[in-house]
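Have a look at the structure below, then the notes.
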Amino acid sequence: MKESGLEPGAPDCRSAARYLWWLIASQRLRIVAGALLGSAWMVCLALPPYLLSRAIDDGLERRQGPVLAGWVAALAGAAVLNAWLAVMRHRTMTRVRMDAAFRSVRVVVSQATRLGGALPRRVMAGDVVTIGFRDVAVIANTLTMTGPGVGAVLAYAVVAVLLLTVSPLLAVVVLLGVPLLAAVVGPLLGRLQGVEATYREQQGRLAARFTDIVAGLRVLNGMGGKEAYAERYRRGSQELRAKGYRVGAVTSWIQALSVGLPALFLGAVTWLAARMAAQGALTVGELVAVYGYAAVLVVPVTSFIEGGYDLSRGLVAARRVVRFLAMEPDAPGREATSDGPGPAAALCDPASGVEVRPGRLTALVSTRPAETATVIDRLGCFVASPVTWGGIRLDEIHPAQVRRRILVADNEADLFAGPLREVICGPWERDEEAIGRCLHAAVAQDIVRALPHGLDSPVAAQGSNLSGGQRQRLRLARALLADPEVLLAVEPTSAVDAHTEATIATRLHAARSGRTTVVTSTSPLLLDRADTVHYLVDGRVADSGSHRELLARQPGYRLLVSRGEMDTDGTDRGDRDRADDRTAPARPRSER
C-alpha cells in the first residue's frame, strides 16, 4: 500500500484468483517494475556464458590478448550489471510483498470491524488469527512470482534462441524439456491444494480451541475440567499432525523435484553438448557456452516449479480470505435515518418486556444468565430486534450514534497491552481527577497502588499479569470513565469477594446517579441498590419491582438470589466468591 496511508480499496471477492489479481492490479506500476527488473536480471544471466565463449574462441584460442581483455572486461561489466539488477529486483519484490500483506491485513481488519457483534457467531477466533497472519503471509509470498515468473519465461525464450544459433538439436531439447518438467510437477501441485486446504481448516479450529482453553483456564481448574479439555486438544493436535505429515509429504516431493529435475536437465544437456563437441560439431567455446546456458536454465526452471508451488498455496489461502470477506453482518432490518432521541428516553425491549427508565439503575435477573445476556445484546443493538429508544426503533438510529451513546460492558471485553493509564482511558483524554473517581467507584485504587509505577505500569495483553477480579474491576473503571449516556454492564461484580461487591454496588449507584444504567446479576448486594429489578423467566419479564418487593412476592426470585445471602457472614458464596482469583463466569458473546 502507498506510504501515504490511503485506504486499501474494495477487494474482488468473487474468487481466490480474482482476489490475487486485485492485489496485483492495486500496484500495477510496482508489479511492472518488478517484472521488468526480474526479466532483465534473468536474461542477463545468459550474458556471461556467451561472453565467456567469445573470450575463449576469439581471444584465448587465437592468442589475441587485446581481444581477450576486451571480452573479459565485458564479462566483468555483465557481472556488475547483474548484481545491480538483482538488488533492485529484490527491493521491488519485497515492496510488492509488503504491499500485498498490509493491504490484505487492512481489508481483513476492516471486515472484522464491519461484522461487529456478528463476528464471534460467524467465525472462530482461531480462524481470524490464521487468516490475519499465516494466510496473509502466504498470499503476499505468492505475488513474488510476478517478477521472476515473467523473467523466467523471457529467459527461457532467450536461451532457446541462443542455443538455436549453436545447435538446433540442443534448442529442441530445451524447448521440449522444460514443459516436460512442468508436466511432471503439475499433478503434485493439484494434490497440494487439496491436502493443504484441509490442513488449514483443521489448524484454524485447533487454534480456536487453544484460545478458549487459555481464556478459561482458571475456570476449568475450578471445575476440574482442565484435563478433559486438554485431552480433546491433544487428540485434535495429533489429527492435525497427521494432516501436516500428508502436506509435508507432497511438499517434500515438490521441493525435491524443484532441485533434482533442473539438475538432471542440466546434466542431460551438458552430456549431449559434450558428445557433439567430441564429434567436432561444437567448438570449445560453444561447449562452455552450452554448459553455461544449461546452468542458467536451472534458474527459470526452478522459478517455474516454485512459482506453481507458491500459486497453489496462495489460492488455498486466498479462498479462506475471500470466504471471510464475503461474510455479511447481521441484517440491520431498517435503514438508519435518525440521530436518536433526547437524553431522557426509555429503552424498551418488546421481546422480553424489559423497560429501562432513564436516569435509573435497572437490574436484570434470570436463572439462566444467557437470557439476560441476550436482552443486553438487543438493548445494545448487537442483534437485529424491535427494541425502541424513546419511541424510535434502535435499528433506525445511525450506528455511530448508538455506539457513542450506548456502551455494553461485559467480562469478555479486551484489555489491550500498554500502560495502565491507556488501558483505562482508551481513546479519551481524561485528567487525573476523573481517572481517580472512576477507580474509586470500581474499587480499583489498590490495583494502581500495588503496581510498581502506578498508572504508568505496563499491562500485558488481555491483562494476563492481573487476576480475574482485578481485570473485572479495571473493565468497570474503563466503562465508568467513558461516561456513556446508557451503560449496559454484564455481571460487573461476578469475580470479586462479598465485601468488595458491596462497596462497588454502593459506589456504582452514586457514580451513575442521573445516568441510565443496566446490570445483569443475581447478587443480592447489587440488586438491593437497584432502583428497578426485572425478574425474567424463560426470557420474559415475570415481575418487576424493587429487590425487597420481589423477595416478598416471588418465591422463584427469592430462591435464586438467596444462594448468595450467606455472603454476609462470609461462610458460603458458591461459585461467585473467588476473591480475585479467577475470570468472570459471564458467558462469551460467541456462545449466546
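Note on naming: chains are A, B, ... as they come in the C-alpha cells, residues start from 1 per chain, ligands start from 1 in the order shown.
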Residue neighbourhood Tyr293 in chain A, 12 Å, only C-alpha atoms, exclusion window fewer than 6 positions, as number ranges by chain
A: 42-53, 155-164, 166, 170-171, 174, 265-267, 269-270, 273, 286-287, 299-300
If you count only C-alpha atoms, which residues fall within 12 Å of Arg134 in chain A, apart from same-chain ones fewer than 4 positions away, as a PyMOL selection string?
chain A and resi 101+104-105+126-130+138-141+200+203-204+313-314+316-318+320-321
Would you mind exporting the chosen residues as a compact mmCIF listing (two decimals), in the first residue's frame, restricted to all heavy atoms?
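What landed in out_29.txt:
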# COMPACT_ATOMS: atom_id res chain seq x y z
N ALA A 101 0.68 -7.78 1.69
CA ALA A 101 0.42 -8.22 3.06
C ALA A 101 -0.37 -7.17 3.83
O ALA A 101 -1.41 -7.48 4.44
CB ALA A 101 1.74 -8.51 3.77
N SER A 104 -3.94 -6.74 2.52
CA SER A 104 -4.81 -7.83 2.96
C SER A 104 -5.15 -7.69 4.44
O SER A 104 -6.30 -7.93 4.85
CB SER A 104 -4.12 -9.18 2.72
OG SER A 104 -3.98 -9.43 1.33
N VAL A 105 -4.16 -7.31 5.25
CA VAL A 105 -4.44 -7.11 6.68
C VAL A 105 -5.48 -6.02 6.87
O VAL A 105 -6.41 -6.15 7.68
CB VAL A 105 -3.14 -6.75 7.43
CG1 VAL A 105 -3.45 -6.26 8.83
CG2 VAL A 105 -2.23 -7.97 7.51
N GLY A 126 -9.71 -18.55 16.32
CA GLY A 126 -8.52 -19.16 15.73
C GLY A 126 -8.46 -18.97 14.22
O GLY A 126 -7.38 -18.80 13.65
N ASP A 127 -9.63 -18.99 13.56
CA ASP A 127 -9.65 -18.78 12.11
C ASP A 127 -9.23 -17.36 11.77
O ASP A 127 -8.50 -17.13 10.79
CB ASP A 127 -11.06 -19.04 11.57
CG ASP A 127 -11.36 -20.52 11.46
OD1 ASP A 127 -10.40 -21.29 11.32
OD2 ASP A 127 -12.53 -20.90 11.55
N VAL A 128 -9.69 -16.39 12.56
CA VAL A 128 -9.31 -15.00 12.31
C VAL A 128 -7.80 -14.82 12.45
O VAL A 128 -7.14 -14.16 11.65
CB VAL A 128 -10.05 -14.04 13.26
CG1 VAL A 128 -9.61 -12.60 13.03
CG2 VAL A 128 -11.56 -14.17 13.07
N VAL A 129 -7.22 -15.46 13.48
CA VAL A 129 -5.78 -15.37 13.69
C VAL A 129 -5.03 -16.02 12.53
O VAL A 129 -4.05 -15.46 12.01
CB VAL A 129 -5.38 -16.05 15.02
CG1 VAL A 129 -3.87 -16.13 15.16
CG2 VAL A 129 -5.96 -15.28 16.20
N THR A 130 -5.49 -17.19 12.09
CA THR A 130 -4.83 -17.89 10.98
C THR A 130 -4.91 -17.07 9.70
O THR A 130 -3.93 -16.96 8.95
CB THR A 130 -5.49 -19.26 10.76
OG1 THR A 130 -5.39 -20.03 11.97
CG2 THR A 130 -4.80 -20.02 9.64
N VAL A 138 1.20 -16.03 3.25
CA VAL A 138 1.28 -16.91 2.08
C VAL A 138 0.86 -16.17 0.82
O VAL A 138 1.49 -16.29 -0.24
CB VAL A 138 0.40 -18.16 2.31
CG1 VAL A 138 0.27 -18.97 1.02
CG2 VAL A 138 0.99 -19.04 3.40
N ILE A 139 -0.21 -15.40 0.91
CA ILE A 139 -0.69 -14.63 -0.25
C ILE A 139 0.37 -13.64 -0.70
O ILE A 139 0.63 -13.49 -1.90
CB ILE A 139 -2.00 -13.92 0.11
CG1 ILE A 139 -3.14 -14.94 0.25
CG2 ILE A 139 -2.36 -12.88 -0.95
CD1 ILE A 139 -4.42 -14.36 0.78
N ALA A 140 0.96 -12.95 0.27
CA ALA A 140 2.00 -11.97 -0.08
C ALA A 140 3.17 -12.63 -0.79
O ALA A 140 3.71 -12.11 -1.77
CB ALA A 140 2.47 -11.25 1.18
N ASN A 141 3.57 -13.82 -0.32
CA ASN A 141 4.69 -14.53 -0.94
C ASN A 141 4.35 -14.98 -2.36
O ASN A 141 5.23 -15.08 -3.22
CB ASN A 141 5.08 -15.73 -0.08
CG ASN A 141 6.41 -16.32 -0.50
OD1 ASN A 141 7.42 -15.65 -0.45
ND2 ASN A 141 6.39 -17.58 -0.91
N ARG A 200 -5.37 -26.39 6.67
CA ARG A 200 -5.63 -25.03 7.14
C ARG A 200 -6.93 -24.96 7.95
O ARG A 200 -7.00 -24.27 8.97
CB ARG A 200 -5.71 -24.07 5.95
CG ARG A 200 -4.39 -23.85 5.26
CD ARG A 200 -3.53 -22.90 6.03
NE ARG A 200 -2.29 -22.58 5.32
CZ ARG A 200 -1.37 -21.77 5.76
NH1 ARG A 200 -1.53 -21.19 6.93
NH2 ARG A 200 -0.27 -21.54 5.08
N GLN A 203 -6.33 -26.50 11.28
CA GLN A 203 -5.44 -25.64 12.04
C GLN A 203 -6.21 -24.49 12.68
O GLN A 203 -5.99 -24.14 13.85
CB GLN A 203 -4.34 -25.10 11.12
CG GLN A 203 -3.24 -24.35 11.85
CD GLN A 203 -2.19 -23.87 10.88
OE1 GLN A 203 -2.51 -23.32 9.82
NE2 GLN A 203 -0.93 -24.07 11.20
N GLY A 204 -7.14 -23.90 11.94
CA GLY A 204 -7.95 -22.81 12.49
C GLY A 204 -8.83 -23.28 13.64
O GLY A 204 -8.95 -22.59 14.66
N ARG A 313 -0.40 -22.75 -3.06
CA ARG A 313 -0.63 -22.39 -1.66
C ARG A 313 -1.37 -21.06 -1.55
O ARG A 313 -2.21 -20.86 -0.67
CB ARG A 313 0.69 -22.32 -0.92
CG ARG A 313 1.45 -23.63 -0.89
CD ARG A 313 2.73 -23.51 -0.11
NE ARG A 313 2.46 -23.36 1.32
CZ ARG A 313 3.02 -22.43 2.09
NH1 ARG A 313 3.87 -21.57 1.56
NH2 ARG A 313 2.73 -22.37 3.36
N GLY A 314 -1.05 -20.13 -2.45
CA GLY A 314 -1.69 -18.83 -2.41
C GLY A 314 -3.18 -18.91 -2.69
O GLY A 314 -3.98 -18.18 -2.08
N VAL A 316 -5.11 -21.46 -2.00
CA VAL A 316 -5.74 -22.01 -0.79
C VAL A 316 -5.95 -20.91 0.25
O VAL A 316 -7.02 -20.76 0.84
CB VAL A 316 -4.88 -23.15 -0.20
CG1 VAL A 316 -5.43 -23.60 1.15
CG2 VAL A 316 -4.84 -24.33 -1.16
N ALA A 317 -4.91 -20.11 0.48
CA ALA A 317 -5.01 -19.03 1.45
C ALA A 317 -6.01 -17.97 1.00
O ALA A 317 -6.78 -17.44 1.81
CB ALA A 317 -3.63 -18.41 1.68
N ALA A 318 -6.00 -17.63 -0.28
CA ALA A 318 -6.92 -16.61 -0.79
C ALA A 318 -8.37 -17.06 -0.68
O ALA A 318 -9.26 -16.23 -0.44
CB ALA A 318 -6.58 -16.28 -2.24
N ARG A 320 -9.64 -18.79 1.74
CA ARG A 320 -10.04 -18.55 3.13
C ARG A 320 -10.30 -17.06 3.36
O ARG A 320 -11.25 -16.68 4.04
CB ARG A 320 -8.96 -19.06 4.08
CG ARG A 320 -8.89 -20.58 4.15
CD ARG A 320 -7.64 -21.05 4.89
NE ARG A 320 -7.55 -20.46 6.21
CZ ARG A 320 -8.18 -20.91 7.29
NH1 ARG A 320 -8.97 -21.97 7.20
NH2 ARG A 320 -8.01 -20.33 8.46
N VAL A 321 -9.44 -16.21 2.80
CA VAL A 321 -9.63 -14.77 2.96
C VAL A 321 -10.92 -14.33 2.27
O VAL A 321 -11.71 -13.57 2.83
CB VAL A 321 -8.42 -14.00 2.38
CG1 VAL A 321 -8.69 -12.50 2.37
CG2 VAL A 321 -7.18 -14.29 3.21
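For the set A:Asp456, A:Asp410, A:Asp57, A:Asp12, the residue with the smallest atom-to-atom gap to Gly285 in chain A is A:Asp57, counting only C-alpha atoms.
Closest approach to Leu115 in chain A among A:Met327, A:Arg475, A:Arg89, A:Arg548: A:Met327, based on only C-alpha atoms.
Considering the residues A:Arg437, A:Arg91, A:Arg512, A:His534 and counting only C-alpha atoms, Ser366 in chain A has its shortest atom-to-atom contact with A:His534.
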Residues within 8 Å of Ile392 in chain A, please, as a count of residues only. Count only C-alpha atoms; anything in the same chain fewer than 4 positions from it doesn't count.
5
Contacts of Gln202 in chain A at 9 Å (only C-alpha atoms; same-chain gap of 6+ positions) as a PyMOL selection string
chain A and resi 236+239-240+243
